[in-house]
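Asker: File final_18.pdb below, PDB, C-alpha atoms:
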ATOM      1  CA  MET A 243      -5.540-213.689  33.956  1.00  0.00           C
ATOM      2  CA  ASP A 244      -8.301-214.053  36.485  1.00  0.00           C
ATOM      3  CA  TYR A 245      -8.306-210.814  38.467  1.00  0.00           C
ATOM      4  CA  LYS A 246     -11.267-211.911  40.604  1.00  0.00           C
ATOM      5  CA  LYS A 247      -9.123-214.497  42.379  1.00  0.00           C
ATOM      6  CA  SER A 248      -6.277-212.094  43.114  1.00  0.00           C
ATOM      7  CA  LYS A 249      -5.397-211.419  46.724  1.00  0.00           C
ATOM      8  CA  ALA A 250      -4.661-207.782  45.894  1.00  0.00           C
ATOM      9  CA  PRO A 251      -6.411-205.204  48.071  1.00  0.00           C
ATOM     10  CA  SER A 252      -9.037-203.050  46.393  1.00  0.00           C
ATOM     11  CA  THR A 253      -8.133-199.910  48.338  1.00  0.00           C
ATOM     12  CA  THR A 254      -4.955-197.935  48.869  1.00  0.00           C
ATOM     13  CA  VAL A 255      -2.291-199.760  50.866  1.00  0.00           C
ATOM     14  CA  THR A 256       0.956-198.606  52.441  1.00  0.00           C
ATOM     15  CA  TRP A 257       3.702-200.972  51.304  1.00  0.00           C
ATOM     16  CA  ASP A 258       6.937-201.631  53.156  1.00  0.00           C
ATOM     17  CA  THR A 259       9.722-200.254  50.961  1.00  0.00           C
ATOM     18  CA  ASN A 260      12.161-202.838  52.318  1.00  0.00           C
ATOM     19  CA  GLN A 261       9.846-205.603  51.168  1.00  0.00           C
ATOM     20  CA  LEU A 262       9.488-204.046  47.702  1.00  0.00           C
ATOM     21  CA  SER A 263      13.215-203.516  47.256  1.00  0.00           C
ATOM     22  CA  ALA A 264      14.251-206.932  48.629  1.00  0.00           C
ATOM     23  CA  GLN A 265      14.238-208.682  45.230  1.00  0.00           C
ATOM     24  CA  THR A 266      16.063-206.042  43.217  1.00  0.00           C
ATOM     25  CA  GLU A 267      17.982-204.297  46.004  1.00  0.00           C
ATOM     26  CA  ASN A 268      16.826-201.006  44.465  1.00  0.00           C
ATOM     27  CA  ILE A 269      13.425-199.459  45.215  1.00  0.00           C
ATOM     28  CA  TYR A 270      13.408-197.456  41.969  1.00  0.00           C
ATOM     29  CA  GLU A 271      14.014-200.555  39.874  1.00  0.00           C
ATOM     30  CA  SER A 272      11.216-202.338  41.746  1.00  0.00           C
ATOM     31  CA  VAL A 273       8.830-199.460  41.097  1.00  0.00           C
ATOM     32  CA  MET A 274       9.705-199.505  37.379  1.00  0.00           C
ATOM     33  CA  ILE A 275       9.022-203.236  37.184  1.00  0.00           C
ATOM     34  CA  ILE A 276       5.698-202.788  38.966  1.00  0.00           C
ATOM     35  CA  SER A 277       4.694-199.854  36.752  1.00  0.00           C
ATOM     36  CA  LYS A 278       5.436-201.732  33.535  1.00  0.00           C
ATOM     37  CA  ARG A 279       3.417-204.715  34.737  1.00  0.00           C
ATOM     38  CA  ALA A 280       0.579-202.391  35.823  1.00  0.00           C
ATOM     39  CA  ASN A 281       0.476-200.958  32.285  1.00  0.00           C
ATOM     40  CA  GLN A 282       0.227-204.486  30.867  1.00  0.00           C
ATOM     41  CA  ILE A 283      -2.578-205.395  33.271  1.00  0.00           C
ATOM     42  CA  GLY A 284      -4.430-202.154  32.489  1.00  0.00           C
ATOM     43  CA  VAL A 285      -4.325-202.849  28.761  1.00  0.00           C
ATOM     44  CA  GLU A 286      -5.514-206.443  29.285  1.00  0.00           C
ATOM     45  CA  MET A 287      -8.405-205.322  31.481  1.00  0.00           C
ATOM     46  CA  LYS A 288      -9.450-202.605  29.061  1.00  0.00           C
ATOM     47  CA  GLU A 289      -9.419-204.999  26.098  1.00  0.00           C
ATOM     48  CA  GLU A 290     -11.454-207.544  28.065  1.00  0.00           C
ATOM     49  CA  LEU A 291     -14.007-204.921  29.100  1.00  0.00           C
ATOM     50  CA  ASN A 292     -14.305-203.578  25.558  1.00  0.00           C
ATOM     51  CA  LYS A 293     -14.922-207.098  24.210  1.00  0.00           C
ATOM     52  CA  LYS A 294     -17.700-207.675  26.731  1.00  0.00           C
ATOM     53  CA  LEU A 295     -19.301-204.296  26.108  1.00  0.00           C
ATOM     54  CA  GLN A 296     -19.064-204.723  22.332  1.00  0.00           C
ATOM     55  CA  GLU A 297     -21.675-207.481  22.593  1.00  0.00           C
ATOM     56  CA  PHE A 298     -24.225-204.888  23.705  1.00  0.00           C
ATOM     57  CA  ALA A 299     -23.314-202.238  21.137  1.00  0.00           C
ATOM     58  CA  SER A 300     -26.242-201.033  19.076  1.00  0.00           C
ATOM     59  CA  TYR A 301     -25.551-198.973  16.019  1.00  0.00           C
ATOM     60  CA  THR A 302     -28.330-196.479  15.392  1.00  0.00           C
ATOM     61  CA  ASP A 303     -28.584-193.394  13.223  1.00  0.00           C
ATOM     62  CA  ASN A 304     -30.175-191.281  15.923  1.00  0.00           C
ATOM     63  CA  LEU A 305     -27.629-189.886  18.381  1.00  0.00           C
ATOM     64  CA  GLU A 306     -30.289-188.781  20.844  1.00  0.00           C
ATOM     65  CA  GLU A 307     -31.428-192.349  21.373  1.00  0.00           C
ATOM     66  CA  VAL A 308     -29.548-193.947  24.260  1.00  0.00           C
ATOM     67  CA  PHE A 309     -30.261-197.461  25.433  1.00  0.00           C
ATOM     68  CA  GLU A 310     -29.386-198.453  28.969  1.00  0.00           C
ATOM     69  CA  ASN A 311     -28.794-202.139  29.139  1.00  0.00           C
ATOM     70  CA  ARG A 312     -28.882-203.629  32.648  1.00  0.00           C
ATOM     71  CA  GLU A 313     -26.232-206.275  31.878  1.00  0.00           C
ATOM     72  CA  GLN A 314     -23.927-203.636  30.426  1.00  0.00           C
ATOM     73  CA  ILE A 315     -24.223-201.555  33.590  1.00  0.00           C
ATOM     74  CA  GLU A 316     -23.513-204.601  35.780  1.00  0.00           C
ATOM     75  CA  ILE A 317     -20.384-205.462  33.782  1.00  0.00           C
ATOM     76  CA  SER A 318     -19.130-201.888  34.108  1.00  0.00           C
ATOM     77  CA  LYS A 319     -19.756-201.864  37.862  1.00  0.00           C
ATOM     78  CA  PHE A 320     -17.935-205.183  38.228  1.00  0.00           C
ATOM     79  CA  TYR A 321     -14.826-203.795  36.521  1.00  0.00           C
ATOM     80  CA  GLU A 322     -14.986-200.644  38.637  1.00  0.00           C
ATOM     81  CA  ARG A 323     -14.918-202.763  41.813  1.00  0.00           C
ATOM     82  CA  LEU A 324     -11.836-204.738  40.770  1.00  0.00           C
ATOM     83  CA  PRO A 325      -8.469-203.762  42.270  1.00  0.00           C
ATOM     84  CA  LYS A 326      -6.582-201.187  40.232  1.00  0.00           C
ATOM     85  CA  PRO A 327      -3.771-202.431  37.949  1.00  0.00           C
ATOM     86  CA  ALA A 328      -1.068-200.905  40.164  1.00  0.00           C
ATOM     87  CA  LEU A 329      -2.331-202.830  43.192  1.00  0.00           C
ATOM     88  CA  LEU A 330      -2.526-206.059  41.183  1.00  0.00           C
ATOM     89  CA  ALA A 331       1.002-205.569  39.845  1.00  0.00           C
ATOM     90  CA  THR A 332       2.403-204.791  43.291  1.00  0.00           C
ATOM     91  CA  GLN A 333       0.788-207.903  44.742  1.00  0.00           C
ATOM     92  CA  GLU A 334       2.235-210.018  41.909  1.00  0.00           C
ATOM     93  CA  PHE A 335       5.684-208.507  42.506  1.00  0.00           C
ATOM     94  CA  VAL A 336       5.582-209.165  46.247  1.00  0.00           C
ATOM     95  CA  GLU A 337       4.484-212.763  45.623  1.00  0.00           C
ATOM     96  CA  GLY A 338       7.322-213.233  43.109  1.00  0.00           C
ATOM     97  CA  LYS A 339       5.032-213.909  40.140  1.00  0.00           C
ATOM     98  CA  ILE A 340       6.649-211.364  37.809  1.00  0.00           C
ATOM     99  CA  TYR A 341       9.555-212.361  35.595  1.00  0.00           C
ATOM    100  CA  TYR A 342      11.958-209.506  34.937  1.00  0.00           C
ATOM    101  CA  ARG A 343      15.547-208.981  33.967  1.00  0.00           C
ATOM    102  CA  ASN A 344      17.890-206.028  33.681  1.00  0.00           C
ATOM    103  CA  PRO A 345      20.014-206.113  30.496  1.00  0.00           C
ATOM    104  CA  ALA A 346      22.531-203.670  32.005  1.00  0.00           C
ATOM    105  CA  LYS A 347      23.153-205.962  34.975  1.00  0.00           C
ATOM    106  CA  ASP A 348      23.354-209.012  32.694  1.00  0.00           C
ATOM    107  CA  LYS A 349      25.981-207.286  30.562  1.00  0.00           C
ATOM    108  CA  GLN A 350      27.938-206.230  33.660  1.00  0.00           C
ATOM    109  CA  GLN A 351      27.961-209.810  34.983  1.00  0.00           C
ATOM    110  CA  VAL A 352      29.265-211.140  31.653  1.00  0.00           C
ATOM    111  CA  GLU A 353      32.072-208.565  31.659  1.00  0.00           C
ATOM    112  CA  GLU A 354      33.034-209.470  35.231  1.00  0.00           C
ATOM    113  CA  GLU A 355      33.197-213.173  34.356  1.00  0.00           C
ATOM    114  CA  GLU A 356      35.669-212.505  31.522  1.00  0.00           C
TER
END
Would you kindly transcribe this structure into structure tokens?

Answerer:
Amino acid sequence: MDYKKSKAPSTTVTWDTNQLSAQTENIYESVMIISKRANQIGVEMKEELNKKLQEFASYTDNLEEVFENREQIEISKFYERLPKPALLATQEFVEGKIYYRNPAKDKQQVEEEE
């Protein structure tokens, strides 16, 4: 996913709880959905950053020797400036871009239909 093009804010935002609970009718369920998606985004971002930084890895025998690579520092700063995974996930949830389902509710609906 391209996190640069996200409309998510990069600072802390106060969200309207009515807006967050509108889709699920339960604020706690909405928060769980957002938190699970935030974990997924965090893992994706970390893997992407590690892949980019791995290109600059230098394996030396001397532990005292530290190389500061300008490109490596710029990549790290770029990822630090990106919105946090929780903000990205909340923005996706509000925009309706997250697919979710609740197996307990699905089971309850099937039982009611019978």

Asker: What would the selection look like, as number ranges by chain, if the PyMOL selection byres ((chain A and resi 330) around 12) were run on the coordinates I just shared?

Answerer: A: 243-255, 276-284, 287, 324-329, 331-337, 339-340

Asker: Distance CA of Phe298 (chain A)-CA of Arg312 (chain A), one decimal place?

Answerer: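 Atom-to-atom, CA of Phe298 (chain A) to CA of Arg312 (chain A), that is 10.2 Å.
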
Asker: What does the distance from CA of Val285 (chain A) to CA of Gly338 (chain A) come to in Å, to one decimal?

Answerer: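 CA of Gly338 (chain A) lies at a distance of 21.2 Å from CA of Val285 (chain A).
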
Asker: To one decimal place, how far is CA of Ile315 (chain A) from CA of Leu295 (chain A) in Å?

Answerer: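 Between CA of Ile315 (chain A) and CA of Leu295 (chain A) the gap works out to 9.4 Å.
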
Asker: A:Glu316, A:Glu354, A:Asp348, A:Asp258: which is nearest Leu291 (chain A), counting all atoms listed in the file?

Answerer: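 Of A:Glu316, A:Glu354, A:Asp348, A:Asp258, the one nearest Leu291 (chain A), counting all atoms listed in the file, is A:Glu316.
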
Asker: Measuring atom to atom with all atoms listed in the file, identify which of A:Thr256, A:Ser272, A:Gln314, A:Ser263 is nearest to Tyr341 (chain A).

Answerer: A:Ser272

Asker: Mind filling out region 336-356 of chain A with N, CA and C atoms and sending it as a compact mmCIF listing (two decimals), in the coordinates of the input?

Answerer:
# COMPACT_ATOMS: atom_id res chain seq x y z
N VAL A 336 5.28 -208.72 44.89
CA VAL A 336 5.58 -209.16 46.25
C VAL A 336 5.54 -210.69 46.34
N GLU A 337 4.61 -211.31 45.61
CA GLU A 337 4.48 -212.76 45.62
C GLU A 337 5.53 -213.44 44.73
N GLY A 338 6.29 -212.67 43.98
CA GLY A 338 7.32 -213.23 43.11
C GLY A 338 6.79 -213.85 41.83
N LYS A 339 5.66 -213.36 41.35
CA LYS A 339 5.03 -213.91 40.14
C LYS A 339 5.42 -213.16 38.87
N ILE A 340 6.25 -212.16 38.98
CA ILE A 340 6.65 -211.36 37.81
C ILE A 340 8.06 -211.75 37.41
N TYR A 341 8.21 -212.10 36.13
CA TYR A 341 9.56 -212.36 35.60
C TYR A 341 10.10 -211.05 35.06
N TYR A 342 11.32 -210.72 35.43
CA TYR A 342 11.96 -209.51 34.94
C TYR A 342 13.45 -209.75 34.84
N ARG A 343 14.09 -208.93 34.04
CA ARG A 343 15.55 -208.98 33.97
C ARG A 343 16.04 -207.59 33.60
N ASN A 344 17.29 -207.32 33.96
CA ASN A 344 17.89 -206.03 33.68
C ASN A 344 19.06 -206.26 32.74
N PRO A 345 18.93 -205.88 31.46
CA PRO A 345 20.01 -206.11 30.50
C PRO A 345 21.34 -205.47 30.91
N ALA A 346 21.29 -204.34 31.57
CA ALA A 346 22.53 -203.67 32.01
C ALA A 346 23.26 -204.52 33.04
N LYS A 347 22.53 -205.10 33.97
CA LYS A 347 23.15 -205.96 34.98
C LYS A 347 23.67 -207.25 34.34
N ASP A 348 22.92 -207.80 33.38
CA ASP A 348 23.35 -209.01 32.69
C ASP A 348 24.67 -208.77 31.96
N LYS A 349 24.77 -207.64 31.30
CA LYS A 349 25.98 -207.29 30.56
C LYS A 349 27.16 -207.10 31.52
N GLN A 350 26.90 -206.46 32.66
CA GLN A 350 27.94 -206.23 33.66
C GLN A 350 28.44 -207.56 34.23
N GLN A 351 27.56 -208.51 34.46
CA GLN A 351 27.96 -209.81 34.98
C GLN A 351 28.82 -210.57 33.97
N VAL A 352 28.48 -210.47 32.69
CA VAL A 352 29.26 -211.14 31.65
C VAL A 352 30.67 -210.54 31.58
N GLU A 353 30.76 -209.23 31.70
CA GLU A 353 32.07 -208.56 31.66
C GLU A 353 32.92 -208.94 32.87
N GLU A 354 32.29 -209.10 34.03
CA GLU A 354 33.03 -209.47 35.23
C GLU A 354 33.55 -210.91 35.16
N GLU A 355 32.81 -211.77 34.48
CA GLU A 355 33.20 -213.17 34.36
C GLU A 355 34.40 -213.33 33.42
N GLU A 356 34.58 -212.42 32.49
CA GLU A 356 35.67 -212.50 31.52
C GLU A 356 36.93 -212.06 32.11
